[in-house]
Amino acid sequence: MKRGRLLIPCSEAHRLLSDRLDGTLPPSGGWRLRLHLLFCDACSRVERQLDLIRSAMRRLGS
Amino acid sequence: MDTARIDRELAALRPQLLRVARLQLRNDAWAEDAVSETLIAALEGRERFGGQSQLSTWVVGILKHKIIDQFRRAGREVSVDAISQDSGDDEVENLFRADGHRVSHPLDWGDPETSLARVQFFDVLQACIERLPAHLARIFMMREWLEIEIVDICKELGITATNCSVMMFRARMRLRECLETNGFGQESGT
């Protein structure tokens with residue numbers, strides 16, 4: 001696989017994080033995302049924040 | 001179980017139920033209906049409330065079912081109106097530079113459990129959902145609050161899977177920004 005296909009920008013990583021939460025991320029996207037998260041603090045932070053928003057939403061109203 | 005006490009507690013839950021129902025339905029009359037039906041069902045079924053969970057958790061579960069029933073009854077009428085004309089979203093696109101990097105680094109929100117333990121977090125979260133465009137708020141609530149699978153949401157609303165994913169992405173990005181600009185992720189971490 002070409003290097004260019006593996007390295008994705010943060011904008012795409014954010015989008016893939018969202019898709020992963022909806023269970024619509026294909027395996028290829030999952031690998032590219034994981035690789036990106038290994039090296040990217042900003043996206044790792046956003047990943048934790050989106051997880052937090054999800055946990056909070058499950059408890060909303062109660 | 002002290003039924004009089006449960007009745008009083010149920011009545012006290014009404015405002016918070018209304019707020020969350022409004023977030024999902026974006027319509028005061030529908031929200032009133034859903035909450036009234038919920039409270040009636042809870043009063044009728046209060047013998048069945050075993051007290052193993054919190055009363056509010058049990059009642060919110062009933063509310064979710066009532067809202068899903070409402071969707072089924074109304075069918076496509078409750079569908080998201082502005083969806084077809086949904087094009088770009090500057091607020092989200094402006095988060096990134098042309099090369100795909102973020103314009104600003106996301107702040108550290110600190111320990112998730114600490115955030116969730118704060119009542120204020122839920123208050124700001126709800127205010128941020130209120131500020132979302134209606135179509136984004138509805139789909140986001142269906143996915144994250146009602147916990148409906150994304151394929152079923154797309155089907156219900158009659159929109160493509162891609163459109164669904166784009167809207168979920170925009171809703172999540174806008175909410176994250178809104179939470180951050182409203183006090184989460186300060187240097188102190190509290």
# chains A, B, ... in the order shown; residues from 1 in each chain; ligands from 1
$ residues_around --residues "segment 47-54 of chain B" --least-positions-apart "4" --cutoff "12 Å" --atoms "only C-alpha atoms" --output "PDB file with N, CA, C and O atoms, in the first residue's frame"
ATOM      1  N   ARG A  59     -26.757   8.940  29.578  1.00  0.00           N
ATOM      2  CA  ARG A  59     -27.336   9.219  30.903  1.00  0.00           C
ATOM      3  C   ARG A  59     -28.251  10.442  30.901  1.00  0.00           C
ATOM      4  O   ARG A  59     -28.766  10.832  31.946  1.00  0.00           O
ATOM      5  N   GLY A  61     -30.952  13.077  31.054  1.00  0.00           N
ATOM      6  CA  GLY A  61     -32.337  13.105  31.541  1.00  0.00           C
ATOM      7  C   GLY A  61     -32.524  12.363  32.855  1.00  0.00           C
ATOM      8  O   GLY A  61     -33.500  12.564  33.555  1.00  0.00           O
ATOM      9  N   SER A  62     -31.579  11.476  33.186  1.00  0.00           N
ATOM     10  CA  SER A  62     -31.776  10.713  34.429  1.00  0.00           C
ATOM     11  C   SER A  62     -30.773  11.081  35.507  1.00  0.00           C
ATOM     12  O   SER A  62     -30.048  12.022  35.390  1.00  0.00           O
TER      13      SER A  62
ATOM     14  N   MET B   1     -42.832  -0.362  48.861  1.00  0.00           N
ATOM     15  CA  MET B   1     -42.643   0.934  48.191  1.00  0.00           C
ATOM     16  C   MET B   1     -43.686   1.953  48.637  1.00  0.00           C
ATOM     17  O   MET B   1     -44.876   1.676  48.641  1.00  0.00           O
ATOM     18  N   ASP B   2     -43.226   3.093  48.982  1.00  0.00           N
ATOM     19  CA  ASP B   2     -44.103   4.188  49.394  1.00  0.00           C
ATOM     20  C   ASP B   2     -44.606   4.897  48.135  1.00  0.00           C
ATOM     21  O   ASP B   2     -43.900   5.684  47.534  1.00  0.00           O
ATOM     22  N   THR B   3     -45.841   4.561  47.734  1.00  0.00           N
ATOM     23  CA  THR B   3     -46.324   5.079  46.455  1.00  0.00           C
ATOM     24  C   THR B   3     -46.510   6.592  46.466  1.00  0.00           C
ATOM     25  O   THR B   3     -46.296   7.245  45.455  1.00  0.00           O
ATOM     26  N   ALA B   4     -46.895   7.134  47.605  1.00  0.00           N
ATOM     27  CA  ALA B   4     -47.068   8.595  47.667  1.00  0.00           C
ATOM     28  C   ALA B   4     -45.739   9.295  47.393  1.00  0.00           C
ATOM     29  O   ALA B   4     -45.683  10.313  46.703  1.00  0.00           O
ATOM     30  N   ILE B   6     -43.240   8.039  45.651  1.00  0.00           N
ATOM     31  CA  ILE B   6     -42.908   7.861  44.238  1.00  0.00           C
ATOM     32  C   ILE B   6     -43.674   8.875  43.390  1.00  0.00           C
ATOM     33  O   ILE B   6     -43.129   9.477  42.469  1.00  0.00           O
ATOM     34  N   ASP B   7     -44.963   9.084  43.722  1.00  0.00           N
ATOM     35  CA  ASP B   7     -45.765  10.053  42.970  1.00  0.00           C
ATOM     36  C   ASP B   7     -45.140  11.444  43.028  1.00  0.00           C
ATOM     37  O   ASP B   7     -45.058  12.141  42.014  1.00  0.00           O
ATOM     38  N   GLU B   9     -42.010  12.153  43.632  1.00  0.00           N
ATOM     39  CA  GLU B   9     -40.738  12.153  42.898  1.00  0.00           C
ATOM     40  C   GLU B   9     -40.969  12.194  41.390  1.00  0.00           C
ATOM     41  O   GLU B   9     -40.234  12.849  40.660  1.00  0.00           O
ATOM     42  N   LEU B  10     -42.020  11.492  40.955  1.00  0.00           N
ATOM     43  CA  LEU B  10     -42.350  11.493  39.524  1.00  0.00           C
ATOM     44  C   LEU B  10     -42.701  12.905  39.070  1.00  0.00           C
ATOM     45  O   LEU B  10     -42.236  13.377  38.030  1.00  0.00           O
ATOM     46  N   LEU B  13     -39.812  15.076  38.509  1.00  0.00           N
ATOM     47  CA  LEU B  13     -38.973  14.768  37.345  1.00  0.00           C
ATOM     48  C   LEU B  13     -39.450  15.461  36.072  1.00  0.00           C
ATOM     49  O   LEU B  13     -38.720  15.533  35.088  1.00  0.00           O
ATOM     50  N   ALA B  41     -47.905   6.463  32.300  1.00  0.00           N
ATOM     51  CA  ALA B  41     -47.428   5.079  32.277  1.00  0.00           C
ATOM     52  C   ALA B  41     -46.646   4.745  33.544  1.00  0.00           C
ATOM     53  O   ALA B  41     -46.754   3.648  34.087  1.00  0.00           O
ATOM     54  N   ALA B  42     -45.861   5.722  34.012  1.00  0.00           N
ATOM     55  CA  ALA B  42     -45.060   5.487  35.216  1.00  0.00           C
ATOM     56  C   ALA B  42     -45.963   5.363  36.448  1.00  0.00           C
ATOM     57  O   ALA B  42     -45.749   4.507  37.309  1.00  0.00           O
ATOM     58  N   LEU B  43     -47.011   6.209  36.515  1.00  0.00           N
ATOM     59  CA  LEU B  43     -47.955   6.129  37.640  1.00  0.00           C
ATOM     60  C   LEU B  43     -48.683   4.790  37.634  1.00  0.00           C
ATOM     61  O   LEU B  43     -48.820   4.140  38.673  1.00  0.00           O
ATOM     62  N   TRP B  58     -35.423   4.772  35.271  1.00  0.00           N
ATOM     63  CA  TRP B  58     -36.569   3.968  34.861  1.00  0.00           C
ATOM     64  C   TRP B  58     -37.544   4.815  34.030  1.00  0.00           C
ATOM     65  O   TRP B  58     -37.999   4.410  32.958  1.00  0.00           O
ATOM     66  N   VAL B  59     -37.819   6.022  34.496  1.00  0.00           N
ATOM     67  CA  VAL B  59     -38.782   6.886  33.805  1.00  0.00           C
ATOM     68  C   VAL B  59     -38.231   7.361  32.453  1.00  0.00           C
ATOM     69  O   VAL B  59     -38.959   7.410  31.469  1.00  0.00           O
ATOM     70  N   VAL B  60     -36.940   7.670  32.391  1.00  0.00           N
ATOM     71  CA  VAL B  60     -36.350   8.083  31.122  1.00  0.00           C
ATOM     72  C   VAL B  60     -36.447   6.938  30.105  1.00  0.00           C
ATOM     73  O   VAL B  60     -36.698   7.162  28.923  1.00  0.00           O
ATOM     74  N   GLY B  61     -36.298   5.704  30.593  1.00  0.00           N
ATOM     75  CA  GLY B  61     -36.470   4.539  29.716  1.00  0.00           C
ATOM     76  C   GLY B  61     -37.868   4.509  29.120  1.00  0.00           C
ATOM     77  O   GLY B  61     -38.050   4.238  27.921  1.00  0.00           O
ATOM     78  N   ILE B  62     -38.872   4.812  29.936  1.00  0.00           N
ATOM     79  CA  ILE B  62     -40.262   4.853  29.442  1.00  0.00           C
ATOM     80  C   ILE B  62     -40.403   5.980  28.416  1.00  0.00           C
ATOM     81  O   ILE B  62     -40.991   5.802  27.350  1.00  0.00           O
TER      82      ILE B  62
END
$ interface_residues --of "chain B" --to "chain A" --cutoff "7 Å" --atoms "only C-alpha atoms" --output "ChimeraX atom specification"
/B:16-17,20,56-57,60,96,100-102,105-106,108,112,116,144-145,150,165,169
$ residues_around --residues "segment 123-135 of chain B" --least-positions-apart "3" --cutoff "10 Å" --atoms "only C-alpha atoms" --output "PDB file with N, CA, C and O atoms, in the first residue's frame"
ATOM      1  N   ILE A  53     -18.697  12.404  25.436  1.00  0.00           N
ATOM      2  CA  ILE A  53     -20.009  12.904  25.010  1.00  0.00           C
ATOM      3  C   ILE A  53     -20.985  11.733  24.879  1.00  0.00           C
ATOM      4  O   ILE A  53     -22.130  11.806  25.312  1.00  0.00           O
ATOM      5  N   ALA A  56     -22.089  10.563  28.294  1.00  0.00           N
ATOM      6  CA  ALA A  56     -22.999  11.541  28.888  1.00  0.00           C
ATOM      7  C   ALA A  56     -24.383  11.436  28.259  1.00  0.00           C
ATOM      8  O   ALA A  56     -25.404  11.496  28.951  1.00  0.00           O
ATOM      9  N   MET A  57     -24.425  11.258  26.947  1.00  0.00           N
ATOM     10  CA  MET A  57     -25.715  11.181  26.245  1.00  0.00           C
ATOM     11  C   MET A  57     -26.545  10.005  26.722  1.00  0.00           C
ATOM     12  O   MET A  57     -27.755  10.081  26.815  1.00  0.00           O
ATOM     13  N   LEU A  60     -28.403  11.060  29.749  1.00  0.00           N
ATOM     14  CA  LEU A  60     -29.132  12.325  29.693  1.00  0.00           C
ATOM     15  C   LEU A  60     -30.569  12.184  30.189  1.00  0.00           C
ATOM     16  O   LEU A  60     -31.276  11.276  29.787  1.00  0.00           O
ATOM     17  N   GLY A  61     -30.952  13.077  31.054  1.00  0.00           N
ATOM     18  CA  GLY A  61     -32.337  13.105  31.541  1.00  0.00           C
ATOM     19  C   GLY A  61     -32.524  12.363  32.855  1.00  0.00           C
ATOM     20  O   GLY A  61     -33.500  12.564  33.555  1.00  0.00           O
TER      21      GLY A  61
ATOM     22  N   ARG B  19     -37.344  18.841  29.213  1.00  0.00           N
ATOM     23  CA  ARG B  19     -36.191  19.444  28.549  1.00  0.00           C
ATOM     24  C   ARG B  19     -35.570  18.458  27.554  1.00  0.00           C
ATOM     25  O   ARG B  19     -35.283  18.816  26.407  1.00  0.00           O
ATOM     26  N   VAL B  20     -35.396  17.225  27.985  1.00  0.00           N
ATOM     27  CA  VAL B  20     -34.749  16.256  27.107  1.00  0.00           C
ATOM     28  C   VAL B  20     -35.678  15.847  25.954  1.00  0.00           C
ATOM     29  O   VAL B  20     -35.243  15.651  24.815  1.00  0.00           O
ATOM     30  N   ARG B  22     -37.839  17.805  24.545  1.00  0.00           N
ATOM     31  CA  ARG B  22     -37.785  18.923  23.601  1.00  0.00           C
ATOM     32  C   ARG B  22     -36.529  18.861  22.744  1.00  0.00           C
ATOM     33  O   ARG B  22     -36.554  19.201  21.568  1.00  0.00           O
ATOM     34  N   LEU B  23     -35.420  18.442  23.346  1.00  0.00           N
ATOM     35  CA  LEU B  23     -34.178  18.326  22.589  1.00  0.00           C
ATOM     36  C   LEU B  23     -34.351  17.368  21.427  1.00  0.00           C
ATOM     37  O   LEU B  23     -33.867  17.597  20.331  1.00  0.00           O
ATOM     38  N   GLN B  24     -35.040  16.254  21.712  1.00  0.00           N
ATOM     39  CA  GLN B  24     -35.225  15.246  20.681  1.00  0.00           C
ATOM     40  C   GLN B  24     -36.285  15.667  19.662  1.00  0.00           C
ATOM     41  O   GLN B  24     -36.086  15.545  18.462  1.00  0.00           O
ATOM     42  N   LEU B  25     -37.413  16.178  20.141  1.00  0.00           N
ATOM     43  CA  LEU B  25     -38.558  16.392  19.252  1.00  0.00           C
ATOM     44  C   LEU B  25     -38.591  17.777  18.627  1.00  0.00           C
ATOM     45  O   LEU B  25     -39.196  17.970  17.584  1.00  0.00           O
ATOM     46  N   ARG B  26     -37.946  18.736  19.282  1.00  0.00           N
ATOM     47  CA  ARG B  26     -37.908  20.109  18.767  1.00  0.00           C
ATOM     48  C   ARG B  26     -39.306  20.658  18.517  1.00  0.00           C
ATOM     49  O   ARG B  26     -39.555  21.346  17.527  1.00  0.00           O
ATOM     50  N   SER B  79     -40.106  13.411   9.966  1.00  0.00           N
ATOM     51  CA  SER B  79     -38.788  13.348   9.357  1.00  0.00           C
ATOM     52  C   SER B  79     -38.121  14.712   9.395  1.00  0.00           C
ATOM     53  O   SER B  79     -38.747  15.736   9.591  1.00  0.00           O
ATOM     54  N   VAL B  80     -36.838  14.660   9.205  1.00  0.00           N
ATOM     55  CA  VAL B  80     -36.041  15.866   9.307  1.00  0.00           C
ATOM     56  C   VAL B  80     -36.241  16.716   8.050  1.00  0.00           C
ATOM     57  O   VAL B  80     -35.923  16.289   6.960  1.00  0.00           O
ATOM     58  N   ASP B  81     -36.789  17.917   8.265  1.00  0.00           N
ATOM     59  CA  ASP B  81     -37.210  18.722   7.113  1.00  0.00           C
ATOM     60  C   ASP B  81     -36.059  19.287   6.290  1.00  0.00           C
ATOM     61  O   ASP B  81     -36.053  19.214   5.076  1.00  0.00           O
ATOM     62  N   ALA B  82     -35.069  19.832   6.983  1.00  0.00           N
ATOM     63  CA  ALA B  82     -34.040  20.587   6.266  1.00  0.00           C
ATOM     64  C   ALA B  82     -32.969  19.709   5.620  1.00  0.00           C
ATOM     65  O   ALA B  82     -31.990  20.204   5.098  1.00  0.00           O
ATOM     66  N   ILE B  83     -33.180  18.397   5.653  1.00  0.00           N
ATOM     67  CA  ILE B  83     -32.095  17.521   5.265  1.00  0.00           C
ATOM     68  C   ILE B  83     -31.643  17.641   3.815  1.00  0.00           C
ATOM     69  O   ILE B  83     -30.454  17.714   3.538  1.00  0.00           O
ATOM     70  N   ASP B  86     -29.302  20.335   2.920  1.00  0.00           N
ATOM     71  CA  ASP B  86     -28.103  20.410   3.735  1.00  0.00           C
ATOM     72  C   ASP B  86     -26.872  20.372   2.840  1.00  0.00           C
ATOM     73  O   ASP B  86     -26.612  19.395   2.180  1.00  0.00           O
ATOM     74  N   ARG B 118     -20.161  15.973  37.333  1.00  0.00           N
ATOM     75  CA  ARG B 118     -20.600  17.349  37.532  1.00  0.00           C
ATOM     76  C   ARG B 118     -21.938  17.595  36.842  1.00  0.00           C
ATOM     77  O   ARG B 118     -22.073  17.362  35.651  1.00  0.00           O
ATOM     78  N   VAL B 119     -22.901  18.065  37.599  1.00  0.00           N
ATOM     79  CA  VAL B 119     -24.228  18.371  37.069  1.00  0.00           C
ATOM     80  C   VAL B 119     -24.097  19.381  35.922  1.00  0.00           C
ATOM     81  O   VAL B 119     -24.789  19.314  34.924  1.00  0.00           O
ATOM     82  N   GLN B 120     -23.157  20.309  36.100  1.00  0.00           N
ATOM     83  CA  GLN B 120     -22.972  21.379  35.131  1.00  0.00           C
ATOM     84  C   GLN B 120     -22.636  20.849  33.736  1.00  0.00           C
ATOM     85  O   GLN B 120     -23.014  21.444  32.736  1.00  0.00           O
ATOM     86  N   ARG B 138     -31.802  16.476  16.005  1.00  0.00           N
ATOM     87  CA  ARG B 138     -32.704  15.318  15.970  1.00  0.00           C
ATOM     88  C   ARG B 138     -31.950  14.022  15.691  1.00  0.00           C
ATOM     89  O   ARG B 138     -32.124  13.026  16.372  1.00  0.00           O
ATOM     90  N   ILE B 139     -31.112  14.053  14.656  1.00  0.00           N
ATOM     91  CA  ILE B 139     -30.421  12.822  14.268  1.00  0.00           C
ATOM     92  C   ILE B 139     -29.421  12.420  15.351  1.00  0.00           C
ATOM     93  O   ILE B 139     -29.282  11.246  15.702  1.00  0.00           O
ATOM     94  N   PHE B 140     -28.767  13.427  15.945  1.00  0.00           N
ATOM     95  CA  PHE B 140     -27.806  13.151  17.003  1.00  0.00           C
ATOM     96  C   PHE B 140     -28.497  12.526  18.217  1.00  0.00           C
ATOM     97  O   PHE B 140     -28.013  11.545  18.786  1.00  0.00           O
ATOM     98  N   MET B 141     -29.633  13.090  18.601  1.00  0.00           N
ATOM     99  CA  MET B 141     -30.381  12.546  19.734  1.00  0.00           C
ATOM    100  C   MET B 141     -30.883  11.129  19.435  1.00  0.00           C
ATOM    101  O   MET B 141     -30.883  10.275  20.312  1.00  0.00           O
ATOM    102  N   MET B 167     -23.920  14.220   8.790  1.00  0.00           N
ATOM    103  CA  MET B 167     -24.661  14.962   9.819  1.00  0.00           C
ATOM    104  C   MET B 167     -24.214  14.583  11.230  1.00  0.00           C
ATOM    105  O   MET B 167     -24.099  15.442  12.101  1.00  0.00           O
ATOM    106  N   ARG B 170     -20.916  16.336  11.823  1.00  0.00           N
ATOM    107  CA  ARG B 170     -21.089  17.770  12.092  1.00  0.00           C
ATOM    108  C   ARG B 170     -21.657  18.021  13.480  1.00  0.00           C
ATOM    109  O   ARG B 170     -21.213  18.923  14.190  1.00  0.00           O
ATOM    110  N   ALA B 171     -22.629  17.210  13.860  1.00  0.00           N
ATOM    111  CA  ALA B 171     -23.228  17.391  15.193  1.00  0.00           C
ATOM    112  C   ALA B 171     -22.168  17.181  16.267  1.00  0.00           C
ATOM    113  O   ALA B 171     -22.052  17.967  17.208  1.00  0.00           O
ATOM    114  N   ARG B 172     -21.368  16.119  16.119  1.00  0.00           N
ATOM    115  CA  ARG B 172     -20.346  15.822  17.137  1.00  0.00           C
ATOM    116  C   ARG B 172     -19.296  16.928  17.204  1.00  0.00           C
ATOM    117  O   ARG B 172     -18.886  17.334  18.291  1.00  0.00           O
ATOM    118  N   ARG B 174     -19.588  20.108  16.306  1.00  0.00           N
ATOM    119  CA  ARG B 174     -20.170  21.344  16.858  1.00  0.00           C
ATOM    120  C   ARG B 174     -20.335  21.238  18.372  1.00  0.00           C
ATOM    121  O   ARG B 174     -20.082  22.186  19.100  1.00  0.00           O
ATOM    122  N   LEU B 175     -20.772  20.059  18.828  1.00  0.00           N
ATOM    123  CA  LEU B 175     -20.947  19.885  20.274  1.00  0.00           C
ATOM    124  C   LEU B 175     -19.622  19.959  21.009  1.00  0.00           C
ATOM    125  O   LEU B 175     -19.510  20.570  22.068  1.00  0.00           O
ATOM    126  N   ARG B 176     -18.610  19.318  20.433  1.00  0.00           N
ATOM    127  CA  ARG B 176     -17.286  19.356  21.070  1.00  0.00           C
ATOM    128  C   ARG B 176     -16.800  20.798  21.200  1.00  0.00           C
ATOM    129  O   ARG B 176     -16.341  21.212  22.258  1.00  0.00           O
ATOM    130  N   GLU B 177     -16.931  21.556  20.147  1.00  0.00           N
ATOM    131  CA  GLU B 177     -16.514  22.963  20.176  1.00  0.00           C
ATOM    132  C   GLU B 177     -17.321  23.738  21.208  1.00  0.00           C
ATOM    133  O   GLU B 177     -16.784  24.526  21.969  1.00  0.00           O
ATOM    134  N   CYS B 178     -18.623  23.516  21.196  1.00  0.00           N
ATOM    135  CA  CYS B 178     -19.505  24.246  22.100  1.00  0.00           C
ATOM    136  C   CYS B 178     -19.149  23.960  23.553  1.00  0.00           C
ATOM    137  O   CYS B 178     -19.073  24.867  24.375  1.00  0.00           O
ATOM    138  N   LEU B 179     -18.894  22.691  23.872  1.00  0.00           N
ATOM    139  CA  LEU B 179     -18.521  22.346  25.251  1.00  0.00           C
ATOM    140  C   LEU B 179     -17.214  23.025  25.630  1.00  0.00           C
ATOM    141  O   LEU B 179     -17.064  23.541  26.732  1.00  0.00           O
ATOM    142  N   GLU B 180     -16.290  23.036  24.681  1.00  0.00           N
ATOM    143  CA  GLU B 180     -14.986  23.622  24.979  1.00  0.00           C
ATOM    144  C   GLU B 180     -15.073  25.131  25.155  1.00  0.00           C
ATOM    145  O   GLU B 180     -14.440  25.692  26.050  1.00  0.00           O
ATOM    146  N   ASN B 182     -17.513  26.637  26.266  1.00  0.00           N
ATOM    147  CA  ASN B 182     -18.327  26.943  27.432  1.00  0.00           C
ATOM    148  C   ASN B 182     -17.757  26.356  28.709  1.00  0.00           C
ATOM    149  O   ASN B 182     -18.480  25.898  29.587  1.00  0.00           O
ATOM    150  N   GLY B 183     -16.462  26.336  28.788  1.00  0.00           N
ATOM    151  CA  GLY B 183     -15.837  26.077  30.080  1.00  0.00           C
ATOM    152  C   GLY B 183     -15.149  24.743  30.253  1.00  0.00           C
ATOM    153  O   GLY B 183     -14.499  24.527  31.269  1.00  0.00           O
ATOM    154  N   PHE B 184     -15.285  23.815  29.271  1.00  0.00           N
ATOM    155  CA  PHE B 184     -14.598  22.545  29.460  1.00  0.00           C
ATOM    156  C   PHE B 184     -13.220  22.614  28.838  1.00  0.00           C
ATOM    157  O   PHE B 184     -13.040  23.160  27.761  1.00  0.00           O
TER     158      PHE B 184
END
$ closest_residue --among "B:Met168, B:Leu63, B:Leu107, B:Leu18" --to "Ala137 of chain B" --atoms "only C-alpha atoms"
B:Met168
$ select_by_dssp --residues "segment 3-143 of chain B" --states "helix (DSSP H, G or I)" --output "PyMOL selection string"
chain B and resi 3-25+28-44+46-48+55-78+81-83+90-93+112-117+119-131+134-143
$ atom_distance --atom1 "atom CA of Trp109 of chain B" --atom2 "atom CA of Phe122 of chain B"
14.4 Å
